[in-house]
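> Input structure: coords.cif, which contains mmCIF, C-alpha atoms, pLDDT in the B column; chains and numbers go by the auth columns.
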```cif
data_structure
#
loop_
_atom_site.group_PDB
_atom_site.id
_atom_site.type_symbol
_atom_site.label_atom_id
_atom_site.label_comp_id
_atom_site.label_asym_id
_atom_site.label_seq_id
_atom_site.Cartn_x
_atom_site.Cartn_y
_atom_site.Cartn_z
_atom_site.B_iso_or_equiv
_atom_site.auth_seq_id
_atom_site.auth_asym_id
ATOM 1 C CA LYS A 1 0.000 0.000 0.000 83.00 603 A
ATOM 2 C CA GLN A 2 1.394 3.369 -1.045 89.00 604 A
ATOM 3 C CA GLU A 3 2.118 5.792 1.779 92.00 605 A
ATOM 4 C CA VAL A 4 3.339 9.374 1.438 95.00 606 A
ATOM 5 C CA THR A 5 5.256 11.147 4.191 96.00 607 A
ATOM 6 C CA GLN A 6 6.307 14.754 4.487 96.00 608 A
ATOM 7 C CA ILE A 7 8.948 15.872 6.950 92.00 609 A
ATOM 8 C CA PRO A 8 9.102 18.258 8.717 92.00 610 A
ATOM 9 C CA ALA A 9 5.484 18.937 9.605 93.00 611 A
ATOM 10 C CA ALA A 10 6.336 22.599 10.114 95.00 612 A
ATOM 11 C CA LEU A 11 9.195 24.880 9.157 95.00 613 A
ATOM 12 C CA SER A 12 9.928 28.513 9.975 96.00 614 A
ATOM 13 C CA VAL A 13 12.741 30.402 8.233 96.00 615 A
ATOM 14 C CA PRO A 14 13.760 34.048 7.743 96.00 616 A
ATOM 15 C CA GLU A 15 12.865 35.795 4.529 97.00 617 A
ATOM 16 C CA GLY A 16 15.390 35.425 1.733 97.00 618 A
ATOM 17 C CA GLU A 17 16.600 31.944 2.594 96.00 619 A
ATOM 18 C CA ASN A 18 16.589 29.073 0.162 97.00 620 A
ATOM 19 C CA LEU A 19 14.798 26.016 1.518 95.00 621 A
ATOM 20 C CA VAL A 20 13.923 22.435 0.705 96.00 622 A
ATOM 21 C CA LEU A 21 10.743 20.547 1.522 97.00 623 A
ATOM 22 C CA ASN A 22 10.794 16.765 1.485 97.00 624 A
ATOM 23 C CA CYS A 23 8.303 14.161 0.342 98.00 625 A
ATOM 24 C CA SER A 24 8.844 10.409 0.452 98.00 626 A
ATOM 25 C CA PHE A 25 6.707 7.541 -0.835 97.00 627 A
ATOM 26 C CA THR A 26 6.922 3.835 -0.145 95.00 628 A
ATOM 27 C CA ASP A 27 6.183 2.371 -3.601 92.00 629 A
ATOM 28 C CA SER A 28 8.257 3.600 -6.531 92.00 630 A
ATOM 29 C CA ALA A 29 5.572 2.564 -9.047 90.00 631 A
ATOM 30 C CA ILE A 30 3.895 5.921 -9.576 90.00 632 A
ATOM 31 C CA TYR A 31 2.475 7.728 -12.602 87.00 633 A
ATOM 32 C CA ASN A 32 3.379 11.184 -11.400 89.00 634 A
ATOM 33 C CA LEU A 33 3.902 13.348 -8.351 93.00 635 A
ATOM 34 C CA GLN A 34 2.364 16.739 -7.699 93.00 636 A
ATOM 35 C CA TRP A 35 3.230 19.515 -5.305 96.00 637 A
ATOM 36 C CA PHE A 36 0.380 21.689 -4.085 95.00 638 A
ATOM 37 C CA ARG A 37 0.135 24.803 -2.012 95.00 639 A
ATOM 38 C CA GLN A 38 -2.729 25.200 0.455 92.00 640 A
ATOM 39 C CA ASP A 39 -3.733 28.596 1.794 89.00 641 A
ATOM 40 C CA PRO A 40 -6.406 28.900 4.493 79.00 642 A
ATOM 41 C CA GLY A 41 -9.811 29.389 2.922 70.00 643 A
ATOM 42 C CA LYS A 42 -8.441 29.221 -0.600 74.00 644 A
ATOM 43 C CA GLY A 43 -8.203 25.527 -1.332 79.00 645 A
ATOM 44 C CA LEU A 44 -5.271 23.909 -3.075 87.00 646 A
ATOM 45 C CA THR A 45 -3.204 25.294 -5.918 89.00 647 A
ATOM 46 C CA SER A 46 -1.150 22.964 -8.073 89.00 648 A
ATOM 47 C CA LEU A 47 2.471 24.130 -8.197 94.00 649 A
ATOM 48 C CA LEU A 48 4.343 21.492 -10.154 94.00 650 A
ATOM 49 C CA LEU A 49 3.591 18.093 -11.659 91.00 651 A
ATOM 50 C CA ILE A 50 6.441 15.685 -12.391 92.00 652 A
ATOM 51 C CA GLN A 51 5.811 12.702 -14.635 90.00 653 A
ATOM 52 C CA SER A 52 7.359 9.393 -13.601 90.00 654 A
ATOM 53 C CA SER A 53 9.786 9.659 -16.529 92.00 655 A
ATOM 54 C CA GLN A 54 11.000 13.110 -15.492 94.00 656 A
ATOM 55 C CA ARG A 55 13.636 14.093 -12.954 95.00 657 A
ATOM 56 C CA GLU A 56 12.583 17.668 -12.248 95.00 658 A
ATOM 57 C CA GLN A 57 10.256 20.532 -13.066 95.00 659 A
ATOM 58 C CA THR A 58 10.786 24.255 -12.572 96.00 660 A
ATOM 59 C CA SER A 59 8.421 27.176 -12.239 95.00 661 A
ATOM 60 C CA GLY A 60 9.829 30.536 -11.269 96.00 662 A
ATOM 61 C CA ARG A 61 11.529 30.242 -7.882 97.00 663 A
ATOM 62 C CA LEU A 62 10.283 26.685 -7.428 97.00 664 A
ATOM 63 C CA ASN A 63 12.089 23.530 -8.474 97.00 665 A
ATOM 64 C CA ALA A 64 10.771 20.046 -7.803 97.00 666 A
ATOM 65 C CA SER A 65 12.869 16.931 -8.217 97.00 667 A
ATOM 66 C CA LEU A 66 11.864 13.295 -8.362 97.00 668 A
ATOM 67 C CA ASP A 67 13.937 10.214 -7.583 96.00 669 A
ATOM 68 C CA LYS A 68 11.584 7.288 -8.091 94.00 670 A
ATOM 69 C CA SER A 69 14.090 4.605 -7.170 93.00 671 A
ATOM 70 C CA SER A 70 14.609 6.069 -3.722 95.00 672 A
ATOM 71 C CA GLY A 71 10.979 7.134 -3.336 96.00 673 A
ATOM 72 C CA ARG A 72 11.781 10.781 -2.773 97.00 674 A
ATOM 73 C CA SER A 73 10.852 14.198 -4.074 98.00 675 A
ATOM 74 C CA THR A 74 12.045 17.605 -2.977 97.00 676 A
ATOM 75 C CA LEU A 75 10.560 21.040 -3.499 97.00 677 A
ATOM 76 C CA TYR A 76 13.221 23.743 -3.568 97.00 678 A
ATOM 77 C CA ILE A 77 12.120 27.324 -2.943 97.00 679 A
ATOM 78 C CA ALA A 78 14.670 29.990 -3.785 97.00 680 A
ATOM 79 C CA ALA A 79 14.852 33.401 -2.119 97.00 681 A
ATOM 80 C CA SER A 80 11.833 32.769 0.100 97.00 682 A
ATOM 81 C CA GLN A 81 9.279 35.541 0.644 97.00 683 A
ATOM 82 C CA PRO A 82 6.581 36.040 3.307 96.00 684 A
ATOM 83 C CA GLY A 83 3.996 35.340 0.603 95.00 685 A
ATOM 84 C CA ASP A 84 5.371 31.815 0.328 97.00 686 A
ATOM 85 C CA SER A 85 3.935 31.069 3.770 97.00 687 A
ATOM 86 C CA ALA A 86 1.426 28.240 3.315 96.00 688 A
ATOM 87 C CA THR A 87 1.070 24.502 3.725 95.00 689 A
ATOM 88 C CA TYR A 88 2.786 22.507 0.991 97.00 690 A
ATOM 89 C CA LEU A 89 1.350 19.115 0.100 96.00 691 A
ATOM 90 C CA CYS A 90 2.700 16.413 -2.155 96.00 692 A
ATOM 91 C CA ALA A 91 0.582 13.701 -3.749 94.00 693 A
ATOM 92 C CA VAL A 92 1.322 10.717 -5.982 92.00 694 A
ATOM 93 C CA ARG A 93 -0.862 9.121 -8.621 87.00 695 A
ATOM 94 C CA VAL A 94 -0.652 5.343 -8.458 81.00 696 A
ATOM 95 C CA PRO A 95 -1.012 2.786 -11.266 76.00 697 A
ATOM 96 C CA ASP A 96 -3.740 0.721 -9.631 68.00 698 A
ATOM 97 C CA SER A 97 -6.066 3.687 -9.881 64.00 699 A
ATOM 98 C CA ASN A 98 -6.015 6.145 -12.710 56.00 700 A
ATOM 99 C CA TYR A 99 -7.451 8.953 -10.704 66.00 701 A
ATOM 100 C CA GLN A 100 -6.772 8.588 -7.029 75.00 702 A
ATOM 101 C CA LEU A 101 -4.048 10.673 -5.488 86.00 703 A
ATOM 102 C CA ILE A 102 -2.284 9.501 -2.343 89.00 704 A
ATOM 103 C CA TRP A 103 -1.447 12.466 -0.158 92.00 705 A
ATOM 104 C CA GLY A 104 1.131 13.466 2.395 94.00 706 A
ATOM 105 C CA ALA A 105 0.016 15.396 5.468 92.00 707 A
ATOM 106 C CA GLY A 106 1.867 18.527 4.367 94.00 708 A
ATOM 107 C CA THR A 107 4.586 20.857 5.612 96.00 709 A
ATOM 108 C CA LYS A 108 3.425 24.134 7.118 95.00 710 A
ATOM 109 C CA LEU A 109 5.901 26.788 6.045 97.00 711 A
ATOM 110 C CA ILE A 110 6.262 30.169 7.715 96.00 712 A
ATOM 111 C CA ILE A 111 8.553 32.789 6.209 96.00 713 A
ATOM 112 C CA LYS A 112 9.429 35.459 8.745 95.00 714 A
ATOM 113 C CA PRO A 113 9.853 39.019 7.414 92.00 715 A
ATOM 114 C CA GLY B 1 -16.004 31.763 -12.819 54.00 1439 B
ATOM 115 C CA ALA B 2 -12.895 30.077 -14.041 76.00 1440 B
ATOM 116 C CA GLY B 3 -12.266 27.833 -11.043 90.00 1441 B
ATOM 117 C CA VAL B 4 -13.972 25.210 -8.923 93.00 1442 B
ATOM 118 C CA SER B 5 -16.372 26.745 -6.444 94.00 1443 B
ATOM 119 C CA GLN B 6 -17.824 25.267 -3.281 95.00 1444 B
ATOM 120 C CA SER B 7 -20.551 26.341 -0.919 96.00 1445 B
ATOM 121 C CA PRO B 8 -20.948 27.033 1.878 96.00 1446 B
ATOM 122 C CA SER B 9 -17.415 27.993 2.836 93.00 1447 B
ATOM 123 C CA ASN B 10 -18.166 27.223 6.468 95.00 1448 B
ATOM 124 C CA LYS B 11 -20.867 25.112 8.063 97.00 1449 B
ATOM 125 C CA VAL B 12 -21.508 24.631 11.761 97.00 1450 B
ATOM 126 C CA THR B 13 -24.104 22.054 12.673 97.00 1451 B
ATOM 127 C CA GLU B 14 -25.299 20.075 15.630 97.00 1452 B
ATOM 128 C CA LYS B 15 -24.627 16.388 16.034 97.00 1453 B
ATOM 129 C CA GLY B 16 -27.354 14.337 14.398 97.00 1454 B
ATOM 130 C CA LYS B 17 -28.322 16.913 11.773 97.00 1455 B
ATOM 131 C CA ASP B 18 -27.979 16.363 8.031 98.00 1456 B
ATOM 132 C CA VAL B 19 -25.764 18.640 5.922 98.00 1457 B
ATOM 133 C CA GLU B 20 -25.425 19.178 2.186 98.00 1458 B
ATOM 134 C CA LEU B 21 -22.275 20.495 0.560 98.00 1459 B
ATOM 135 C CA ARG B 22 -22.152 21.794 -2.996 97.00 1460 B
ATOM 136 C CA CYS B 23 -19.463 21.786 -5.666 97.00 1461 B
ATOM 137 C CA ASP B 24 -19.457 23.552 -9.034 96.00 1462 B
ATOM 138 C CA PRO B 25 -16.661 22.136 -11.208 94.00 1463 B
ATOM 139 C CA ILE B 26 -14.818 23.920 -13.972 92.00 1464 B
ATOM 140 C CA SER B 27 -16.969 24.027 -17.074 91.00 1465 B
ATOM 141 C CA GLY B 28 -16.089 21.204 -19.446 87.00 1466 B
ATOM 142 C CA HIS B 29 -14.420 19.046 -16.800 89.00 1467 B
ATOM 143 C CA THR B 30 -15.907 15.579 -16.945 88.00 1468 B
ATOM 144 C CA ALA B 31 -14.302 14.216 -13.773 89.00 1469 B
ATOM 145 C CA LEU B 32 -15.180 15.361 -10.269 92.00 1470 B
ATOM 146 C CA TYR B 33 -13.716 14.239 -6.949 92.00 1471 B
ATOM 147 C CA TRP B 34 -14.584 14.736 -3.293 95.00 1472 B
ATOM 148 C CA TYR B 35 -11.932 14.581 -0.576 94.00 1473 B
ATOM 149 C CA ARG B 36 -11.949 15.014 3.175 95.00 1474 B
ATOM 150 C CA GLN B 37 -9.119 16.632 5.092 92.00 1475 B
ATOM 151 C CA ARG B 38 -9.022 16.304 8.845 91.00 1476 B
ATOM 152 C CA LEU B 39 -6.953 18.763 10.849 85.00 1477 B
ATOM 153 C CA GLY B 40 -3.249 18.174 10.350 79.00 1478 B
ATOM 154 C CA GLN B 41 -3.748 15.281 7.966 82.00 1479 B
ATOM 155 C CA GLY B 42 -3.547 14.643 4.259 83.00 1480 B
ATOM 156 C CA LEU B 43 -6.536 14.376 1.980 90.00 1481 B
ATOM 157 C CA GLU B 44 -8.729 11.263 2.025 91.00 1482 B
ATOM 158 C CA PHE B 45 -10.461 10.270 -1.191 90.00 1483 B
ATOM 159 C CA LEU B 46 -14.240 9.972 -0.802 94.00 1484 B
ATOM 160 C CA ILE B 47 -15.923 9.609 -4.173 92.00 1485 B
ATOM 161 C CA TYR B 48 -15.269 10.121 -7.880 89.00 1486 B
ATOM 162 C CA PHE B 49 -17.595 10.894 -10.787 90.00 1487 B
ATOM 163 C CA GLN B 50 -16.694 10.504 -14.451 86.00 1488 B
ATOM 164 C CA GLY B 51 -19.285 11.669 -16.950 81.00 1489 B
ATOM 165 C CA ASN B 52 -22.321 9.406 -16.916 81.00 1490 B
ATOM 166 C CA SER B 53 -20.450 6.375 -15.583 84.00 1491 B
ATOM 167 C CA ALA B 54 -21.313 4.867 -12.225 85.00 1492 B
ATOM 168 C CA PRO B 55 -19.414 6.758 -9.513 88.00 1493 B
ATOM 169 C CA ASP B 56 -16.601 5.190 -7.539 87.00 1494 B
ATOM 170 C CA LYS B 57 -17.855 5.343 -3.953 88.00 1495 B
ATOM 171 C CA SER B 58 -15.060 3.238 -2.480 87.00 1496 B
ATOM 172 C CA GLY B 59 -13.784 6.043 -0.265 89.00 1497 B
ATOM 173 C CA LEU B 60 -17.030 6.891 1.486 93.00 1498 B
ATOM 174 C CA PRO B 61 -16.469 6.152 5.202 93.00 1499 B
ATOM 175 C CA SER B 62 -20.006 5.058 6.034 94.00 1500 B
ATOM 176 C CA ASP B 63 -23.514 4.814 4.635 95.00 1501 B
ATOM 177 C CA ARG B 64 -24.254 8.202 6.179 97.00 1502 B
ATOM 178 C CA PHE B 65 -22.280 9.712 3.323 97.00 1503 B
ATOM 179 C CA SER B 66 -23.694 10.012 -0.187 96.00 1504 B
ATOM 180 C CA ALA B 67 -23.073 12.153 -3.233 96.00 1505 B
ATOM 181 C CA GLU B 68 -24.825 12.963 -6.445 94.00 1506 B
ATOM 182 C CA ARG B 69 -23.857 14.641 -9.667 94.00 1507 B
ATOM 183 C CA THR B 70 -26.123 15.666 -12.502 84.00 1508 B
ATOM 184 C CA GLY B 71 -24.381 14.989 -15.792 79.00 1509 B
ATOM 185 C CA GLU B 72 -21.127 16.919 -15.861 79.00 1510 B
ATOM 186 C CA SER B 73 -22.238 19.772 -13.652 88.00 1511 B
ATOM 187 C CA VAL B 74 -22.924 20.421 -10.000 95.00 1512 B
ATOM 188 C CA SER B 75 -22.312 17.803 -7.337 96.00 1513 B
ATOM 189 C CA THR B 76 -23.681 17.606 -3.812 97.00 1514 B
ATOM 190 C CA LEU B 77 -22.179 15.661 -0.920 98.00 1515 B
ATOM 191 C CA THR B 78 -24.692 14.794 1.790 98.00 1516 B
ATOM 192 C CA ILE B 79 -23.807 13.687 5.291 98.00 1517 B
ATOM 193 C CA GLN B 80 -26.710 12.324 7.311 98.00 1518 B
ATOM 194 C CA ARG B 81 -26.888 12.216 11.101 97.00 1519 B
ATOM 195 C CA THR B 82 -23.590 14.062 11.435 98.00 1520 B
ATOM 196 C CA GLN B 83 -21.094 12.983 14.079 97.00 1521 B
ATOM 197 C CA GLN B 84 -18.290 14.984 15.649 96.00 1522 B
ATOM 198 C CA GLU B 85 -15.695 12.914 13.777 95.00 1523 B
ATOM 199 C CA ASP B 86 -17.189 14.256 10.523 97.00 1524 B
ATOM 200 C CA SER B 87 -15.677 17.660 11.338 97.00 1525 B
ATOM 201 C CA ALA B 88 -13.177 18.389 8.578 96.00 1526 B
ATOM 202 C CA VAL B 89 -12.601 20.413 5.440 95.00 1527 B
ATOM 203 C CA TYR B 90 -14.375 18.852 2.473 97.00 1528 B
ATOM 204 C CA LEU B 91 -12.609 19.567 -0.799 95.00 1529 B
ATOM 205 C CA CYS B 92 -13.923 19.157 -4.308 95.00 1530 B
ATOM 206 C CA ALA B 93 -11.737 18.898 -7.400 92.00 1531 B
ATOM 207 C CA SER B 94 -12.368 18.524 -11.100 90.00 1532 B
ATOM 208 C CA SER B 95 -10.245 17.472 -14.033 87.00 1533 B
ATOM 209 C CA LEU B 96 -10.671 17.596 -17.772 84.00 1534 B
ATOM 210 C CA THR B 97 -11.050 13.839 -17.923 74.00 1535 B
ATOM 211 C CA TRP B 98 -10.089 10.829 -15.883 61.00 1536 B
ATOM 212 C CA GLY B 99 -6.873 8.886 -15.838 57.00 1537 B
ATOM 213 C CA GLY B 100 -3.967 9.699 -18.053 55.00 1538 B
ATOM 214 C CA MET B 101 -0.508 10.234 -16.765 46.00 1539 B
ATOM 215 C CA GLY B 102 -0.605 13.990 -16.809 44.00 1540 B
ATOM 216 C CA ASN B 103 -4.134 14.824 -15.854 70.00 1541 B
ATOM 217 C CA GLU B 104 -4.289 17.534 -13.204 77.00 1542 B
ATOM 218 C CA GLN B 105 -6.973 18.021 -10.625 84.00 1543 B
ATOM 219 C CA PHE B 106 -8.072 21.566 -9.853 87.00 1544 B
ATOM 220 C CA PHE B 107 -9.400 22.193 -6.374 90.00 1545 B
ATOM 221 C CA GLY B 108 -12.083 24.357 -4.881 92.00 1546 B
ATOM 222 C CA PRO B 109 -11.606 26.356 -1.661 90.00 1547 B
ATOM 223 C CA GLY B 110 -13.317 23.709 0.441 93.00 1548 B
ATOM 224 C CA THR B 111 -16.134 23.678 2.963 95.00 1549 B
ATOM 225 C CA ARG B 112 -15.112 23.665 6.608 95.00 1550 B
ATOM 226 C CA LEU B 113 -17.625 21.539 8.506 97.00 1551 B
ATOM 227 C CA THR B 114 -17.811 21.732 12.278 97.00 1552 B
ATOM 228 C CA VAL B 115 -20.105 19.340 14.126 97.00 1553 B
ATOM 229 C CA LEU B 116 -20.826 20.417 17.680 96.00 1554 B
#
```
What is this structure when it is put down as structure tokens?

Amino acid sequence: KQEVTQIPAALSVPEGENLVLNCSFTDSAIYNLQWFRQDPGKGLTSLLLIQSSQREQTSGRLNASLDKSSGRSTLYIAASQPGDSATYLCAVRVPDSNYQLIWGAGTKLIIKP
Amino acid sequence: GAGVSQSPSNKVTEKGKDVELRCDPISGHTALYWYRQRLGQGLEFLIYFQGNSAPDKSGLPSDRFSAERTGESVSTLTIQRTQQEDSAVYLCASSLTWGGMGNEQFFGPGTRLTVL
């Protein structure tokens, strides 16, 4: 059974720092992995989607990597800003279901001005 | 609107009452999903609709939970005889179609349900 873990559960860093959020999954057989951002009262916003055949995806200050063999993904945020404060969730799509996503519990990120 | 919308945004109810949550997917999206997110936890899949096919109800936690969708439009999630453990944020998502390696789900803002 696929399980997704995100560590740490919470992270607080000063503005301007580069940081890495971690996501691990127990079964390397995945279709893709997505990183989402969750803001209170605003639902989830998809940040990056990495196909199983890809190693990384970039969007602006965000870079997500995927290492299927080790069951790990990282989300790198460069030059962090207070507006980056949110909960970051990762989710994997698994082959035994074409639509279900298996979710981590998220990392709550606080960027201090 | 361009995104998925949900109503109400917040719902407070008493134990034992029924509640109905609404989701309006993105126009043209044939697939619709309901998830539940308890405090500090990841999302739990509840139910999935794809066009006119029979829905996948495998994630519904009990027979108190039910959902309907008319064609490819609005969906309602109904919780009967609410219990305190039903307190959570209920999220709806839609996607252009089902399956496929790259298909993305787009989420609504959620309904925060509190059962007293």
> Which residues of chain A have any atom within 10 Å of an atom in chain B when counting all atoms listed in the file, and what is the closest pair of atoms for each, with the distance in Å to one decimal? Order the rows by chain and rising number and write it as a Markdown table.

```
| residue | atom | partner | partner_atom | distance |
| --- | --- | --- | --- | --- |
| A:Val606 | CA | B:Gly1480 | CA | 9.1 |
| A:Thr607 | CA | B:Gly1480 | CA | 9.5 |
| A:Gln608 | CA | B:Gly1480 | CA | 9.9 |
| A:Ala611 | CA | B:Gly1478 | CA | 8.8 |
| A:Ile632 | CA | B:Met1539 | CA | 9.5 |
| A:Tyr633 | CA | B:Met1539 | CA | 5.7 |
| A:Asn634 | CA | B:Met1539 | CA | 6.7 |
| A:Leu635 | CA | B:Gly1540 | CA | 9.6 |
| A:Gln636 | CA | B:Glu1542 | CA | 8.7 |
| A:Gln640 | CA | B:Pro1547 | CA | 9.2 |
| A:Asp641 | CA | B:Pro1547 | CA | 8.9 |
| A:Pro642 | CA | B:Pro1547 | CA | 8.4 |
| A:Gly643 | CA | B:Pro1547 | CA | 5.8 |
| A:Lys644 | CA | B:Pro1547 | CA | 4.4 |
| A:Gly645 | CA | B:Pro1547 | CA | 3.5 |
| A:Leu646 | CA | B:Phe1545 | CA | 5.6 |
| A:Thr647 | CA | B:Phe1545 | CA | 6.9 |
| A:Ser648 | CA | B:Phe1544 | CA | 7.3 |
| A:Leu650 | CA | B:Glu1542 | CA | 10.0 |
| A:Leu651 | CA | B:Gly1540 | CA | 7.8 |
| A:Ile652 | CA | B:Gly1540 | CA | 8.5 |
| A:Gln653 | CA | B:Gly1540 | CA | 6.9 |
| A:Ser654 | CA | B:Met1539 | CA | 8.5 |
| A:Leu691 | CA | B:Gly1480 | CA | 7.8 |
| A:Cys692 | CA | B:Gly1480 | CA | 9.1 |
| A:Ala693 | CA | B:Gly1480 | CA | 9.1 |
| A:Arg695 | CA | B:Met1539 | CA | 8.2 |
| A:Val696 | CA | B:Met1539 | CA | 9.6 |
| A:Pro697 | CA | B:Met1539 | CA | 9.3 |
| A:Ser699 | CA | B:Gly1537 | CA | 7.9 |
| A:Asn700 | CA | B:Gly1537 | CA | 4.2 |
| A:Tyr701 | CA | B:Gly1537 | CA | 5.2 |
| A:Gln702 | CA | B:Phe1483 | CA | 7.1 |
| A:Leu703 | CA | B:Phe1483 | CA | 7.7 |
| A:Ile704 | CA | B:Leu1481 | CA | 7.8 |
| A:Trp705 | CA | B:Gly1480 | CA | 5.4 |
| A:Gly706 | CA | B:Gly1480 | CA | 5.2 |
| A:Ala707 | CA | B:Gly1480 | CA | 3.8 |
| A:Gly708 | CA | B:Gly1480 | CA | 6.7 |
| A:Thr709 | CA | B:Gly1478 | CA | 9.5 |
| A:Lys710 | CA | B:Gly1478 | CA | 9.5 |
```
> Which residues come within 12 Å of Glu1506 of chain B, counting all atoms listed in the file, excluding same-chain residues fewer than 5 positions away, as a short mmCIF file (atom, residue, chain, number, x, y, z; two decimals) with C-alpha atoms, in the frame of the given file?

```
data_model
loop_
_atom_site.label_atom_id
_atom_site.label_comp_id
_atom_site.auth_asym_id
_atom_site.auth_seq_id
_atom_site.Cartn_x
_atom_site.Cartn_y
_atom_site.Cartn_z
CA GLU B 1458 -25.42 19.18 2.19
CA LEU B 1459 -22.28 20.50 0.56
CA ARG B 1460 -22.15 21.79 -3.00
CA CYS B 1461 -19.46 21.79 -5.67
CA LEU B 1470 -15.18 15.36 -10.27
CA TYR B 1471 -13.72 14.24 -6.95
CA TRP B 1472 -14.58 14.74 -3.29
CA ILE B 1485 -15.92 9.61 -4.17
CA TYR B 1486 -15.27 10.12 -7.88
CA PHE B 1487 -17.60 10.89 -10.79
CA GLN B 1488 -16.69 10.50 -14.45
CA GLY B 1489 -19.28 11.67 -16.95
CA ASN B 1490 -22.32 9.41 -16.92
CA ALA B 1492 -21.31 4.87 -12.22
CA PRO B 1493 -19.41 6.76 -9.51
CA ASP B 1494 -16.60 5.19 -7.54
CA LYS B 1495 -17.86 5.34 -3.95
CA SER B 1511 -22.24 19.77 -13.65
CA VAL B 1512 -22.92 20.42 -10.00
CA SER B 1513 -22.31 17.80 -7.34
CA THR B 1514 -23.68 17.61 -3.81
CA LEU B 1515 -22.18 15.66 -0.92
CA THR B 1516 -24.69 14.79 1.79
CA ILE B 1517 -23.81 13.69 5.29
#
```
> Just want the 8 Å neighbourhood of segment 668-676 of chain A, counted on all atoms listed in the file, with same-chain residues fewer than 2 positions away dropped. Output as number ranges by chain.
A: 622-632, 635, 652, 654, 656-658, 666, 678
> Please expand the PyMOL selection byres ((chain A and resi 684) around 12) into the concrete residues it hits in this file, giving the result as a VMD selection string.
chain A and resid 614 to 619 681 to 683 685 to 688 711 to 715
> As AutoDock Vina command-line options, what would the box around segment 1539-1554 of chain B look like: edges along x, y and z, 8 Å added on every side, centre and edge lengths in Å to one decimal?

```
--center_x -10.7 --center_y 18.3 --center_z 0.4 --size_x 36.3 --size_y 32.1 --size_z 50.5
```
> What is the distance between atom CA of Trp637 of chain A and atom CA of Val694 of chain A, in Å to one decimal?
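Separation between atom CA of Trp637 of chain A and atom CA of Val694 of chain A: 9.0 Å.
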> Counting all atoms listed in the file, figure out which residue out of B:Pro1463, B:Val1450, B:Ala1526, B:Arg1474 gets nearest to Leu1498 of chain B.
B:Arg1474
> In terms of the shortest atom-to-atom distance over all atoms listed in the file, which of A:Gln659, A:Asn620, A:Ile609, A:Leu664 is closest to Arg639 of chain A?
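Of all the options, A:Leu664 lies closest to Arg639 of chain A.
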> Just want the 8 Å neighbourhood of Asp1524 of chain B, counted on all atoms listed in the file, with same-chain residues fewer than 6 positions away dropped. Output as a list in words.
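Here the qualifying residues turn out to be Leu1551, Thr1552 and Val1553 of chain B.
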> If you measure from atom CA of Pro1446 of chain B to atom CA of Ser1491 of chain B, what distance in Å do you get, rounded to one decimal?
27.1 Å
